[in-house]
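Shown here: work25.pdb, PDB, C-alpha atoms.
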```pdb
ATOM      1  CA  MET A   1      99.061  89.033 104.832
ATOM      2  CA  LYS A   2     102.669  88.274 105.774
ATOM      3  CA  LEU A   3     101.563  87.008 109.183
ATOM      4  CA  LEU A   4      99.075  84.669 107.540
ATOM      5  CA  ARG A   5     101.845  83.413 105.257
ATOM      6  CA  TRP A   6     104.119  82.725 108.246
ATOM      7  CA  ILE A   7     101.307  80.897 110.023
ATOM      8  CA  LEU A   8     100.262  78.699 107.083
ATOM      9  CA  LEU A   9     103.454  77.923 105.157
ATOM     10  CA  PRO A  10     105.592  76.160 107.813
ATOM     11  CA  PRO A  11     102.928  73.554 108.706
ATOM     12  CA  LEU A  12     102.166  73.054 105.015
ATOM     13  CA  ALA A  13     105.871  72.558 104.252
ATOM     14  CA  ILE A  14     106.171  70.037 107.093
ATOM     15  CA  ILE A  15     103.173  68.108 105.766
ATOM     16  CA  VAL A  16     104.601  68.032 102.220
ATOM     17  CA  ILE A  17     108.013  66.865 103.476
ATOM     18  CA  ALA A  18     106.403  64.169 105.632
ATOM     19  CA  LEU A  19     104.346  63.035 102.637
ATOM     20  CA  ALA A  20     107.482  62.857 100.496
ATOM     21  CA  ILE A  21     109.343  60.784 103.100
ATOM     22  CA  ALA A  22     106.417  58.423 103.658
ATOM     23  CA  ASN A  23     105.764  57.787  99.936
ATOM     24  CA  ARG A  24     109.075  56.818  98.400
ATOM     25  CA  HIS A  25     107.786  53.815  96.476
ATOM     26  CA  SER A  26     107.419  54.016  92.701
ATOM     27  CA  VAL A  27     104.084  54.386  90.973
ATOM     28  CA  THR A  28     103.186  54.403  87.299
ATOM     29  CA  PHE A  29     102.347  57.870  86.041
ATOM     30  CA  SER A  30     100.318  57.475  82.852
ATOM     31  CA  LEU A  31      99.607  60.145  80.262
ATOM     32  CA  ASP A  32      97.252  57.912  78.260
ATOM     33  CA  PRO A  33      93.617  58.434  79.374
ATOM     34  CA  PHE A  34      92.227  55.806  76.974
ATOM     35  CA  ASP A  35      94.124  52.626  77.891
ATOM     36  CA  ALA A  36      94.708  52.190  81.626
ATOM     37  CA  GLN A  37      96.047  48.606  81.336
ATOM     38  CA  ASN A  38      98.667  49.259  78.642
ATOM     39  CA  PRO A  39      99.317  53.017  78.418
ATOM     40  CA  ALA A  40     101.229  54.391  75.454
ATOM     41  CA  ILE A  41     103.070  56.974  77.552
ATOM     42  CA  SER A  42     103.901  56.172  81.160
ATOM     43  CA  PHE A  43     106.654  56.772  83.685
ATOM     44  CA  ASP A  44     107.648  54.954  86.864
ATOM     45  CA  LEU A  45     108.316  57.692  89.410
ATOM     46  CA  PRO A  46     108.299  57.921  93.201
ATOM     47  CA  LEU A  47     104.966  59.259  94.427
ATOM     48  CA  ALA A  48     106.786  62.022  96.308
ATOM     49  CA  ALA A  49     108.330  63.254  93.044
ATOM     50  CA  ILE A  50     104.913  63.447  91.421
ATOM     51  CA  VAL A  51     103.512  65.404  94.381
ATOM     52  CA  LEU A  52     106.477  67.795  94.516
ATOM     53  CA  ILE A  53     106.466  68.353  90.752
ATOM     54  CA  SER A  54     102.722  69.059  90.896
ATOM     55  CA  ILE A  55     103.247  71.621  93.661
ATOM     56  CA  ALA A  56     106.111  73.266  91.749
ATOM     57  CA  LEU A  57     103.988  73.499  88.584
ATOM     58  CA  GLY A  58     101.125  75.008  90.591
ATOM     59  CA  ILE A  59     103.431  77.644  92.070
ATOM     60  CA  LEU A  60     104.863  78.412  88.635
ATOM     61  CA  ILE A  61     101.445  78.732  86.979
ATOM     62  CA  GLY A  62     100.107  80.838  89.859
ATOM     63  CA  GLY A  63     103.142  83.117  89.736
ATOM     64  CA  LEU A  64     102.797  83.593  85.984
ATOM     65  CA  ALA A  65      99.094  84.378  86.375
ATOM     66  CA  ALA A  66      99.818  86.955  89.111
ATOM     67  CA  TRP A  67     102.582  88.517  87.004
ATOM     68  CA  TRP A  68     100.298  88.735  83.971
ATOM     69  CA  GLN A  69      97.483  90.291  86.005
ATOM     70  CA  GLY A  70      99.875  92.863  87.509
ATOM     71  CA  ARG A  71     101.187  93.680  84.057
ATOM     72  CA  ARG A  72      97.670  94.240  82.740
ATOM     73  CA  ARG A  73      96.753  96.345  85.784
ATOM     74  CA  THR A  74      99.857  98.521  85.330
ATOM     75  CA  ALA A  75      99.132  98.997  81.624
ATOM     76  CA  ARG A  76      95.541  99.967  82.413
ATOM     77  CA  ARG A  77      96.684 102.469  85.066
ATOM     78  CA  LEU A  78      99.238 104.033  82.697
ATOM     79  CA  GLU A  79      96.604 104.333  79.970
ATOM     80  CA  THR A  80      94.225 106.060  82.394
ATOM     81  CA  GLU A  81      96.939 108.522  83.431
ATOM     82  CA  ARG A  82      97.799 109.171  79.782
ATOM     83  CA  ARG A  83      94.143 109.934  78.999
ATOM     84  CA  LYS A  84      93.861 112.285  81.990
ATOM     85  CA  GLN A  85      96.929 114.191  80.834
ATOM     86  CA  ALA A  86      95.621 114.407  77.276
ATOM     87  CA  ASN A  87      92.236 115.749  78.450
ATOM     88  CA  ALA A  88      93.645 118.210  80.991
ATOM     89  CA  PRO A  89      93.432 121.881  79.951
ATOM     90  CA  ALA A  90      96.716 123.440  78.980
ATOM     91  CA  PRO A  91      98.052 126.029  81.464
ATOM     92  CA  ALA A  92      97.327 129.596  80.391
ATOM     93  CA  ALA A  93     100.320 131.345  78.871
ATOM     94  CA  LYS A  94     101.214 134.636  80.510
ATOM     95  CA  SER A  95     101.636 137.511  78.133
ATOM     96  CA  ALA A  96     101.918 141.256  78.192
ATOM     97  CA  GLU A  97      98.402 141.479  76.738
ATOM     98  CA  ASN A  98      96.950 140.036  79.961
ATOM     99  CA  GLY A  99      98.670 142.660  82.055
ATOM    100  CA  ALA A 100     101.463 140.401  83.210
ATOM    101  CA  SER A 101     105.039 141.536  83.468
ATOM    102  CA  GLY A 102     108.243 139.657  83.990
ATOM    103  CA  SER A 103     108.096 139.996  87.809
ATOM    104  CA  GLY A 104     105.862 137.222  89.079
ATOM    105  CA  GLY A 105     102.885 138.080  86.920
ATOM    106  CA  LEU A 106     101.996 141.329  88.745
ATOM    107  CA  PRO A 107     101.035 144.338  86.712
ATOM    108  CA  ALA A 108     103.772 146.906  86.334
ATOM    109  CA  ILE A 109     103.445 150.109  88.390
ATOM    110  CA  GLN A 110     104.118 153.287  86.446
TER
END
```
How would this structure read if it were set down as structure tokens?
Amino acid sequence: MKLLRWILLPPLAIIVIALAIANRHSVTFSLDPFDAQNPAISFDLPLAAIVLISIALGILIGGLAAWWQGRRRTARRLETERRKQANAPAPAAKSAENGASGSGGLPAIQ
């Protein structure tokens, strides 16, 4: 998995950097889906900023999703272990009635 990451990430980073350098001009980023000509909420940002912010948000959302899934998986595993321990038979207590003595559980020789 690490090898795949080292193979894919450097070319992807180079492509993103080249895209950011090539697209420095400002574009209108609109948050109003109903009026494209006169949007109520809009920002003039460089296209590279929009791309980089989108990538950062994707990484953040993906990281949070992976963290949440790992948290759920750990909780499920702990619950399973807790149930196994609760259902396991208790170890038998050694007593003099069973013929056990204080020396390793062997019967005493008289």
| message | I need every residue sitting at most 12 Å from the point (101.8, 62.9, 95.3) (coordinates as in the file, all atoms listed in the file considered), written as number ranges by chain. | response | A: 15-29, 45-56
| query | Between atom CA of A:Leu9 and atom CA of A:Trp67, what is the distance, to one decimal in Å? | reply |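 Between these atoms lies a distance of 21.0 Å.
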| field | Within 8 Å of A:Leu31 using all atoms listed in the file, minus same-chain residues under 5 positions, as JSON, numbers by chain | value | {"A": [39, 40, 41, 42]}
| task | Would you work out the distance separating atom CA of A:Arg5 from atom CA of A:Leu60, expressed in Å to one decimal? | result | 17.6 Å
| query | When you draw a straight line from atom CA of A:Ala88 to atom CA of A:Arg71, how long is it in Å? | reply |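 For atom CA of A:Ala88 relative to atom CA of A:Arg71, the distance reads 25.8 Å.
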